[in-house]
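S.K.: Sharing a structure here in structure tokens format.
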Protein chains: 2
Amino acid sequence: MSVGHRVEYIALEGIPHVEPGDDLAGLIRQALAGMDLKLQRGDILVLAQKVVSKAEGRYVRLADVEPSVRARVLAESVGKDARFLEIVLSESEEVVKTRPNVVIAAHRLGFVMANAGIDQSNIEHRDGEERVLLLPEDPDGSARQLKASLDADGALELGIVINDSFGRPWRNGVVGVALGAAGIPSLLSQIGVADMFGRAMRVTEIAIADEISSAASLLMGQASAGLPVILVRGLKLSGPSSPALALARPKSQDMFR
Amino acid sequence: MSVGHRVEYIALEGIPHVEPGDDLAGLIRQALAGMDLKLQRGDILVLAQKVVSKAEGRYVRLADVEPSVRARVLAESVGKDARFLEIVLSESEEVVKTRPNVVIAAHRLGFVMANAGIDQSNIEHRDGEERVLLLPEDPDGSARQLKASLDADGALELGIVINDSFGRPWRNGVVGVALGAAGIPSLLSQIGVADMFGRAMRVTEIAIADEISSAASLLMGQASAGLPVILVRGLKLSGPSSPALALARPKSQDMFR
């Protein structure tokens, strides 16, 4: 049988519930061993943002939050908990758009998303306390750390992606997108053909890390009960590595802010 | 070795250059046979929009276009060919945003995209004539037809997706998205957990067809020299089928129009 160009996505089984301080690299090694899998050169691991945030202990207890006047005013206008919005605002650089029950904000990392990416769901109420889960402090840094743990000498050319699910303007439904990455070209410039008017060579930038995030998201299922780590094997990527931050369009270049 | 949850993407080799009137189902059957592959139950085929449009002969010669006053005015303001913009306008319901060299429009199908999805690149200049390639007339219908050809009695439960690459607000780079689909839940409602404030059960809608489109796009490469048909095997999807049109958010529900 002709082999052709094939890419395989494998959901790792046996990743336990992640607690603050857990060693994700160790949990991944154990899961791989349990499935008789060894990392191969060029493999990519996609991790759900939630497990990275949990391992990093990025919880905030609502009871500890004193909402500012700004958060209280916003809470009145959109009908959300003022303490929750205080956390959203403190994680954000800009509120992009609001509607009843919806706050779209630009996270300080540069990503525009609902509630600045702060999870309201799938968060356990520890000892009856409501708490929310922030994004990792530095998702690209988290990805680099994981790569350093799992591919210390770089021989595997391992790629790491940290994904999340975002809604989008114009289209229904959420899709997986990348918040952090290491060892892959998150944004790949591809020089195209001359355009039909011969004006210039067109350069298309492909959001590789977002496409990988979407593909992996299809196997993750619901994040609470789901499979939070996906192994991607066989994807041939060329081009210099770039962080997921390269995917965040600066406001000055954004037609829609 | 534990099998686990695995999904495989296989680029079909040997799909020739597609001409108007070509039988895509026949070309796919030949390519599969040449790779010793047989379609299996639950397989999904992802086709690049360009090959579907080409098979459907969706070319328009620029020389045949007489630009309207509206197209001429728009051409002045954005610096594009007035004949090209006449075609864009005639395919669109609404111009959403313009900037120099950029026209974002809502295609009559409901999808918002640059140039209403009309390809300016990778179009051969037949006999020295400039021509552009429109989207398929009815991409969901094209997908249903292909499914009917390749899975006449429905026994394979074959899925078909027609994908394209779109830019997006807020994030750099293009990603694969779905224009047409058949036999899969393009938009899947997933009932989530009760939200942290206990107000209501959250329903998350997942843009499954867009995620599949992005995943396949990673294997397609540049559309001109690339691999325009990808076989997806092992993806377990449950839920009622819905067309790609379900992904187009109506203007009345769009915060960003």
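So you can find residues: chains in the structure tokens are A, B, ... in the order shown, residues in each start at 1, and ligands are numbered from 1 in order.
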Skipping near chain neighbours, those fewer than 3 positions away, what residues fall within 10 Å of A:Leu109 using only C-alpha atoms, listed as a VMD selection string?
M.R.: chain A and resid 91 to 93 106 112 116 135 137 to 139 179 245 248
S.K.: What are the residues of chain A that have an atom within 6 Å of an atom of chain B, counting only C-alpha atoms, as a VMD selection string?
M.R.: chain A and resid 1 to 2 5 to 11 35 to 36 120 to 121 169 to 175 195 to 196 205 to 207 211 214 to 215 247 to 249 256
S.K.: Please save N, CA and C atoms of the selected residues as a compact mmCIF listing (two decimals), in the first residue's frame.
M.R.:
```txt
# COMPACT_ATOMS: atom_id res chain seq x y z
N MET A 1 0.85 -1.19 0.00
CA MET A 1 0.00 0.00 0.00
C MET A 1 0.88 1.24 0.00
N SER A 2 0.54 2.14 -0.89
CA SER A 2 1.26 3.42 -0.93
C SER A 2 1.05 4.15 0.39
N HIS A 5 0.97 10.84 2.03
CA HIS A 5 1.17 11.85 3.06
C HIS A 5 0.07 11.66 4.09
N ARG A 6 0.47 11.18 5.27
CA ARG A 6 -0.49 10.85 6.31
C ARG A 6 -0.16 11.54 7.61
N VAL A 7 -1.16 11.94 8.30
CA VAL A 7 -1.00 12.53 9.63
C VAL A 7 -1.94 11.81 10.57
N GLU A 8 -1.43 11.45 11.74
CA GLU A 8 -2.25 10.74 12.70
C GLU A 8 -2.40 11.58 13.97
N TYR A 9 -3.62 11.60 14.51
CA TYR A 9 -3.91 12.25 15.79
C TYR A 9 -4.30 11.15 16.77
N ILE A 10 -3.60 11.07 17.90
CA ILE A 10 -3.84 10.02 18.88
C ILE A 10 -4.13 10.68 20.23
N ALA A 11 -5.31 10.41 20.77
CA ALA A 11 -5.66 10.95 22.09
C ALA A 11 -4.97 10.11 23.16
N MET A 35 0.36 3.45 26.89
CA MET A 35 -0.18 3.11 25.56
C MET A 35 0.90 2.49 24.67
N ASP A 36 2.05 2.19 25.26
CA ASP A 36 3.17 1.63 24.50
C ASP A 36 3.60 2.54 23.37
N GLN A 120 -15.65 29.81 32.92
CA GLN A 120 -16.74 29.84 33.89
C GLN A 120 -17.31 28.46 34.10
N SER A 121 -16.96 27.54 33.24
CA SER A 121 -17.58 26.21 33.32
C SER A 121 -16.52 25.17 33.64
N PRO A 169 -16.31 36.06 15.19
CA PRO A 169 -17.28 36.85 14.43
C PRO A 169 -17.70 36.08 13.18
N TRP A 170 -18.91 36.35 12.74
CA TRP A 170 -19.39 35.93 11.42
C TRP A 170 -19.76 34.46 11.28
N ARG A 171 -19.17 33.60 12.13
CA ARG A 171 -19.44 32.16 11.97
C ARG A 171 -19.92 31.57 13.30
N ASN A 172 -20.87 30.68 13.23
CA ASN A 172 -21.38 30.02 14.42
C ASN A 172 -20.40 28.95 14.90
N GLY A 173 -20.46 28.70 16.21
CA GLY A 173 -19.69 27.60 16.76
C GLY A 173 -18.30 28.00 17.19
N VAL A 174 -17.76 27.25 18.13
CA VAL A 174 -16.38 27.48 18.57
C VAL A 174 -15.44 26.55 17.80
N VAL A 175 -14.19 26.97 17.69
CA VAL A 175 -13.14 26.12 17.10
C VAL A 175 -11.91 26.19 17.99
N ASP A 195 -0.02 37.49 -8.33
CA ASP A 195 -1.46 37.61 -8.45
C ASP A 195 -1.84 37.91 -9.89
N MET A 196 -3.15 37.78 -10.16
CA MET A 196 -3.60 37.81 -11.54
C MET A 196 -3.31 39.13 -12.25
N GLU A 205 -0.07 34.05 4.82
CA GLU A 205 0.35 33.54 6.12
C GLU A 205 -0.67 32.52 6.59
N ILE A 206 -0.17 31.37 6.97
CA ILE A 206 -1.06 30.29 7.41
C ILE A 206 -0.94 30.14 8.92
N ALA A 207 -2.08 30.10 9.58
CA ALA A 207 -2.11 29.98 11.04
C ALA A 207 -2.02 28.50 11.42
N GLU A 211 -4.67 25.73 13.14
CA GLU A 211 -5.20 24.56 12.42
C GLU A 211 -4.92 23.27 13.20
N SER A 214 -7.37 23.15 16.11
CA SER A 214 -8.71 22.72 15.71
C SER A 214 -8.75 21.22 15.49
N ALA A 215 -7.73 20.71 14.81
CA ALA A 215 -7.69 19.27 14.53
C ALA A 215 -7.67 18.47 15.83
N LEU A 247 0.19 34.87 16.40
CA LEU A 247 -1.16 34.79 15.84
C LEU A 247 -2.06 35.94 16.31
N ALA A 248 -1.66 36.61 17.38
CA ALA A 248 -2.47 37.72 17.90
C ALA A 248 -2.22 38.95 17.05
N ARG A 249 -3.24 39.42 16.34
CA ARG A 249 -3.07 40.57 15.47
C ARG A 249 -3.04 41.84 16.32
N PHE A 256 -11.03 45.16 12.53
CA PHE A 256 -12.26 44.87 13.28
C PHE A 256 -12.15 45.21 14.76
```
S.K.: So which residues touch stretch 152-158 of chain B within 7 Å, counting only C-alpha atoms, skipping near sequence neighbours fewer than 5 positions away, as a PDB file with N, CA and C atoms, in the first residue's frame?
M.R.:
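Printed below is result-v1.pdb as written:
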```
ATOM      1  N   GLN B  40     -14.175   3.344   3.893  1.00  0.00           N
ATOM      2  CA  GLN B  40     -14.710   2.580   5.023  1.00  0.00           C
ATOM      3  C   GLN B  40     -15.851   3.373   5.660  1.00  0.00           C
ATOM      4  N   ARG B  41     -16.611   2.665   6.450  1.00  0.00           N
ATOM      5  CA  ARG B  41     -17.752   3.281   7.126  1.00  0.00           C
ATOM      6  C   ARG B  41     -17.259   4.433   8.011  1.00  0.00           C
ATOM      7  N   GLY B  42     -17.887   5.582   7.869  1.00  0.00           N
ATOM      8  CA  GLY B  42     -17.546   6.734   8.694  1.00  0.00           C
ATOM      9  C   GLY B  42     -16.424   7.592   8.134  1.00  0.00           C
ATOM     10  N   ASP B  43     -15.879   7.216   6.988  1.00  0.00           N
ATOM     11  CA  ASP B  43     -14.840   8.056   6.360  1.00  0.00           C
ATOM     12  C   ASP B  43     -15.418   9.423   5.977  1.00  0.00           C
ATOM     13  N   ILE B  44     -14.542  10.406   5.962  1.00  0.00           N
ATOM     14  CA  ILE B  44     -14.917  11.751   5.512  1.00  0.00           C
ATOM     15  C   ILE B  44     -13.915  12.171   4.440  1.00  0.00           C
ATOM     16  N   LYS B 147     -21.523  12.933  -2.176  1.00  0.00           N
ATOM     17  CA  LYS B 147     -21.875  11.853  -1.258  1.00  0.00           C
ATOM     18  C   LYS B 147     -22.782  10.842  -1.963  1.00  0.00           C
ATOM     19  N   GLY B 183     -23.492  14.849   5.311  1.00  0.00           N
ATOM     20  CA  GLY B 183     -23.284  13.606   6.064  1.00  0.00           C
ATOM     21  C   GLY B 183     -22.553  13.759   7.383  1.00  0.00           C
TER      22      GLY B 183
END
```
S.K.: Report chain B as a short mmCIF file (atom, residue, chain, number, x, y, z; two decimals) with C-alpha atoms, in the first residue's frame in the frame of chain A, after least-squares superposition over all C-alpha atoms paired in order.
M.R.:
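Wrote part05.cif, looks like this:
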```cif
data_model
loop_
_atom_site.label_atom_id
_atom_site.label_comp_id
_atom_site.auth_asym_id
_atom_site.auth_seq_id
_atom_site.Cartn_x
_atom_site.Cartn_y
_atom_site.Cartn_z
CA MET B 1 -0.11 -0.02 0.08
CA SER B 2 1.22 3.36 -0.89
CA VAL B 3 2.01 5.32 2.22
CA GLY B 4 1.33 8.78 0.86
CA HIS B 5 1.17 11.82 3.06
CA ARG B 6 -0.47 10.83 6.31
CA VAL B 7 -0.99 12.52 9.64
CA GLU B 8 -2.25 10.74 12.71
CA TYR B 9 -3.90 12.23 15.80
CA ILE B 10 -3.84 10.02 18.88
CA ALA B 11 -5.66 10.95 22.09
CA LEU B 12 -3.55 10.03 25.11
CA GLU B 13 -5.42 7.92 27.61
CA GLY B 14 -4.87 7.84 31.34
CA ILE B 15 -4.10 11.50 31.99
CA PRO B 16 -5.54 11.89 35.50
CA HIS B 17 -7.39 14.87 36.88
CA VAL B 18 -4.72 17.61 37.05
CA GLU B 19 -4.04 19.46 40.31
CA PRO B 20 -1.94 22.57 40.98
CA GLY B 21 1.76 21.67 41.03
CA ASP B 22 1.34 18.52 38.96
CA ASP B 23 4.18 17.70 36.58
CA LEU B 24 2.50 17.63 33.16
CA ALA B 25 5.58 16.26 31.41
CA GLY B 26 5.61 13.35 33.86
CA LEU B 27 1.88 12.69 33.37
CA ILE B 28 2.38 12.70 29.58
CA ARG B 29 5.34 10.30 29.83
CA GLN B 30 3.24 7.93 31.95
CA ALA B 31 0.29 8.10 29.53
CA LEU B 32 2.57 7.42 26.55
CA ALA B 33 4.17 4.46 28.33
CA GLY B 34 0.74 3.09 29.25
CA MET B 35 -0.18 3.12 25.55
CA ASP B 36 3.17 1.63 24.47
CA LEU B 37 3.95 4.81 22.58
CA LYS B 38 7.35 6.46 22.31
CA LEU B 39 7.79 10.01 21.12
CA GLN B 40 9.22 10.15 17.60
CA ARG B 41 11.07 12.85 15.73
CA GLY B 42 8.68 15.57 14.59
CA ASP B 43 5.84 14.61 16.95
CA ILE B 44 3.63 17.41 18.25
CA LEU B 45 1.71 17.32 21.53
CA VAL B 46 -1.41 19.43 21.88
CA LEU B 47 -2.56 20.19 25.44
CA ALA B 48 -5.89 21.67 26.45
CA GLN B 49 -5.41 25.06 28.11
CA LYS B 50 -7.36 23.86 31.13
CA VAL B 51 -4.84 21.24 32.18
CA VAL B 52 -1.95 23.69 31.81
CA SER B 53 -3.80 26.34 33.83
CA LYS B 54 -4.70 23.78 36.49
CA ALA B 55 -1.13 22.49 36.78
CA GLU B 56 -0.04 26.11 37.17
CA GLY B 57 -2.66 26.67 39.88
CA ARG B 58 -4.28 29.58 38.02
CA TYR B 59 -7.42 29.54 40.16
CA VAL B 60 -8.98 32.67 41.61
CA ARG B 61 -11.62 32.40 44.34
CA LEU B 62 -14.53 34.71 43.70
CA ALA B 63 -14.84 35.33 47.44
CA ASP B 64 -11.39 36.93 47.40
CA VAL B 65 -12.34 39.47 44.73
CA GLU B 66 -13.50 43.00 45.50
CA PRO B 67 -15.09 44.38 42.33
CA SER B 68 -14.07 47.86 41.22
CA VAL B 69 -16.59 50.51 40.22
CA ARG B 70 -15.82 49.74 36.58
CA ALA B 71 -16.60 46.05 37.09
CA ARG B 72 -19.85 46.94 38.91
CA VAL B 73 -20.97 49.22 36.09
CA LEU B 74 -20.14 46.57 33.49
CA ALA B 75 -21.97 43.95 35.59
CA GLU B 76 -25.11 46.11 35.56
CA SER B 77 -24.96 46.51 31.80
CA VAL B 78 -24.27 42.89 30.80
CA GLY B 79 -25.89 41.02 33.69
CA LYS B 80 -22.88 39.09 34.93
CA ASP B 81 -21.30 38.70 38.38
CA ALA B 82 -19.27 41.84 39.19
CA ARG B 83 -16.51 39.79 40.87
CA PHE B 84 -16.15 37.65 37.76
CA LEU B 85 -15.97 40.78 35.59
CA GLU B 86 -13.36 42.29 37.91
CA ILE B 87 -11.17 39.28 37.11
CA VAL B 88 -11.93 39.60 33.39
CA LEU B 89 -10.99 43.30 33.45
CA SER B 90 -7.82 42.70 35.40
CA GLU B 91 -6.72 40.13 32.79
CA SER B 92 -7.61 42.40 29.85
CA GLU B 93 -6.14 45.32 28.00
CA GLU B 94 -9.35 46.34 26.29
CA VAL B 95 -13.06 45.53 26.28
CA VAL B 96 -13.82 45.06 22.58
CA LYS B 97 -17.57 44.54 22.67
CA THR B 98 -20.34 43.85 25.15
CA ARG B 99 -23.88 42.61 24.95
CA PRO B 100 -26.19 41.14 27.57
CA ASN B 101 -24.35 38.15 29.04
CA VAL B 102 -21.39 38.61 26.65
CA VAL B 103 -18.08 40.41 27.19
CA ILE B 104 -15.49 40.20 24.41
CA ALA B 105 -12.12 41.40 25.63
CA ALA B 106 -8.52 41.57 24.48
CA HIS B 107 -6.47 39.59 26.97
CA ARG B 108 -3.18 41.21 28.02
CA LEU B 109 -1.44 38.52 25.91
CA GLY B 110 -3.13 40.02 22.82
CA PHE B 111 -5.80 37.40 22.12
CA VAL B 112 -9.37 38.63 21.72
CA MET B 113 -11.90 36.31 23.30
CA ALA B 114 -15.07 35.99 25.31
CA ASN B 115 -14.47 36.76 29.02
CA ALA B 116 -10.76 37.24 28.27
CA GLY B 117 -10.53 33.45 28.11
CA ILE B 118 -11.54 32.90 31.71
CA ASP B 119 -13.38 29.66 32.22
CA GLN B 120 -16.74 29.81 33.88
CA SER B 121 -17.55 26.19 33.31
CA ASN B 122 -16.04 22.89 34.28
CA ILE B 123 -14.55 24.46 37.38
CA GLU B 124 -14.99 22.43 40.52
CA HIS B 125 -16.47 24.23 43.48
CA ARG B 126 -13.73 23.38 45.94
CA ASP B 127 -15.16 23.21 49.48
CA GLY B 128 -18.27 24.94 48.25
CA GLU B 129 -16.26 27.90 47.00
CA GLU B 130 -16.75 29.29 43.52
CA ARG B 131 -13.52 29.72 41.64
CA VAL B 132 -12.51 30.47 38.08
CA LEU B 133 -9.49 29.42 36.08
CA LEU B 134 -7.27 31.99 34.37
CA LEU B 135 -5.20 31.34 31.27
CA PRO B 136 -1.60 30.29 31.90
CA GLU B 137 0.54 33.31 32.84
CA ASP B 138 2.65 32.87 29.69
CA PRO B 139 1.31 30.08 27.44
CA ASP B 140 4.23 30.23 24.97
CA GLY B 141 6.57 29.98 27.96
CA SER B 142 4.58 27.01 29.33
CA ALA B 143 4.93 25.31 25.93
CA ARG B 144 8.68 25.97 25.85
CA GLN B 145 9.05 24.51 29.35
CA LEU B 146 7.16 21.36 28.38
CA LYS B 147 9.28 21.00 25.27
CA ALA B 148 12.42 21.38 27.39
CA SER B 149 11.19 18.65 29.77
CA LEU B 150 10.14 16.17 27.10
CA ASP B 151 12.85 16.90 24.51
CA ALA B 152 15.75 18.20 26.60
CA ASP B 153 18.40 18.00 23.89
CA GLY B 154 16.04 18.95 21.07
CA ALA B 155 16.79 15.72 19.21
CA LEU B 156 13.08 14.95 18.81
CA GLU B 157 12.30 18.36 17.31
CA LEU B 158 9.16 18.07 19.42
CA GLY B 159 6.37 20.57 18.92
CA ILE B 160 4.03 21.70 21.71
CA VAL B 161 0.71 23.50 21.28
CA ILE B 162 -1.63 24.71 24.03
CA ASN B 163 -5.15 25.07 22.67
CA ASP B 164 -8.47 26.55 23.70
CA SER B 165 -11.89 26.91 22.07
CA PHE B 166 -12.95 30.35 20.88
CA GLY B 167 -16.05 31.73 19.26
CA ARG B 168 -15.60 33.97 16.22
CA PRO B 169 -17.29 36.83 14.44
CA TRP B 170 -19.40 35.92 11.41
CA ARG B 171 -19.46 32.14 11.97
CA ASN B 172 -21.38 30.01 14.41
CA GLY B 173 -19.69 27.59 16.75
CA VAL B 174 -16.39 27.47 18.55
CA VAL B 175 -13.15 26.12 17.09
CA GLY B 176 -9.83 25.14 18.63
CA VAL B 177 -7.20 27.88 18.50
CA ALA B 178 -3.66 28.11 19.85
CA LEU B 179 -2.74 30.09 22.96
CA GLY B 180 0.81 28.83 23.28
CA ALA B 181 3.31 26.95 21.14
CA ALA B 182 6.92 25.89 20.94
CA GLY B 183 8.97 24.13 18.29
CA ILE B 184 6.56 24.74 15.39
CA PRO B 185 5.93 27.58 12.95
CA SER B 186 2.70 28.87 14.55
CA LEU B 187 2.37 31.40 11.74
CA LEU B 188 3.92 30.29 8.47
CA SER B 189 4.60 32.67 5.59
CA GLN B 190 4.11 30.98 2.29
CA ILE B 191 5.12 32.85 -0.80
CA GLY B 192 2.38 32.42 -3.33
CA VAL B 193 2.13 32.89 -7.04
CA ALA B 194 2.07 36.30 -8.66
CA ASP B 195 -1.43 37.66 -8.43
CA MET B 196 -3.59 37.85 -11.52
CA PHE B 197 -2.85 41.52 -12.08
CA GLY B 198 0.87 40.87 -11.85
CA ARG B 199 1.17 43.57 -9.22
CA ALA B 200 3.13 41.68 -6.63
CA MET B 201 3.94 38.28 -5.31
CA ARG B 202 1.26 37.41 -2.80
CA VAL B 203 2.40 36.20 0.58
CA THR B 204 -0.09 34.06 2.41
CA GLU B 205 0.37 33.54 6.11
CA ILE B 206 -1.05 30.29 7.40
CA ALA B 207 -2.12 29.97 11.04
CA ILE B 208 -0.58 26.52 11.41
CA ALA B 209 -0.89 26.38 15.21
CA ASP B 210 -4.58 27.27 15.01
CA GLU B 211 -5.21 24.56 12.41
CA ILE B 212 -3.41 22.00 14.60
CA SER B 213 -5.45 23.21 17.58
CA SER B 214 -8.71 22.71 15.71
CA ALA B 215 -7.69 19.26 14.53
CA ALA B 216 -6.75 18.19 18.06
CA SER B 217 -9.90 19.73 19.50
CA LEU B 218 -11.98 17.23 17.48
CA LEU B 219 -10.53 14.44 19.63
CA MET B 220 -10.58 16.17 23.00
CA GLY B 221 -14.30 16.10 23.61
CA GLN B 222 -15.65 18.03 26.53
CA ALA B 223 -12.75 19.35 28.53
CA SER B 224 -14.05 18.09 31.89
CA ALA B 225 -14.46 14.45 30.96
CA GLY B 226 -12.37 14.62 27.85
CA LEU B 227 -8.95 13.72 26.59
CA PRO B 228 -6.75 16.76 27.24
CA VAL B 229 -3.57 15.70 25.42
CA ILE B 230 -3.37 14.75 21.74
CA LEU B 231 -0.29 13.40 19.97
CA VAL B 232 0.11 14.54 16.35
CA ARG B 233 2.35 12.35 14.24
CA GLY B 234 3.46 12.71 10.62
CA LEU B 235 2.81 16.40 10.07
CA LYS B 236 5.63 17.77 7.95
CA LEU B 237 6.17 21.42 8.75
CA SER B 238 8.98 23.54 7.41
CA GLY B 239 9.81 27.08 8.36
CA PRO B 240 11.18 28.87 11.38
CA SER B 241 9.47 28.30 14.72
CA SER B 242 7.22 31.08 15.92
CA PRO B 243 5.21 31.39 19.15
CA ALA B 244 1.42 31.41 19.29
CA LEU B 245 1.71 35.08 20.17
CA ALA B 246 2.50 35.64 16.47
CA LEU B 247 -1.17 34.78 15.84
CA ALA B 248 -2.47 37.71 17.91
CA ARG B 249 -3.06 40.55 15.46
CA PRO B 250 -1.99 43.89 16.92
CA LYS B 251 -4.87 46.34 17.33
CA SER B 252 -3.17 48.79 14.97
CA GLN B 253 -3.41 46.23 12.15
CA ASP B 254 -6.90 45.00 12.96
CA MET B 255 -9.77 46.14 10.72
CA PHE B 256 -12.26 44.85 13.26
CA ARG B 257 -11.26 46.72 16.41
#
```
S.K.: Can you tell me, as JSON, numbers by chain, which residues in stretch 21-216 of chain B count as strand (DSSP E) by DSSP?
M.R.: {"B": [44, 45, 46, 47, 48, 59, 60, 61, 92, 93, 94, 95, 96, 97, 98, 99, 102, 103, 104, 105, 106, 107, 112, 113, 114, 131, 132, 133, 159, 160, 161, 162, 163, 164, 165, 166, 175, 176, 177, 178, 179, 180, 181, 182, 188, 189, 190, 191, 192, 193, 194, 201, 202, 203, 204, 205, 206]}
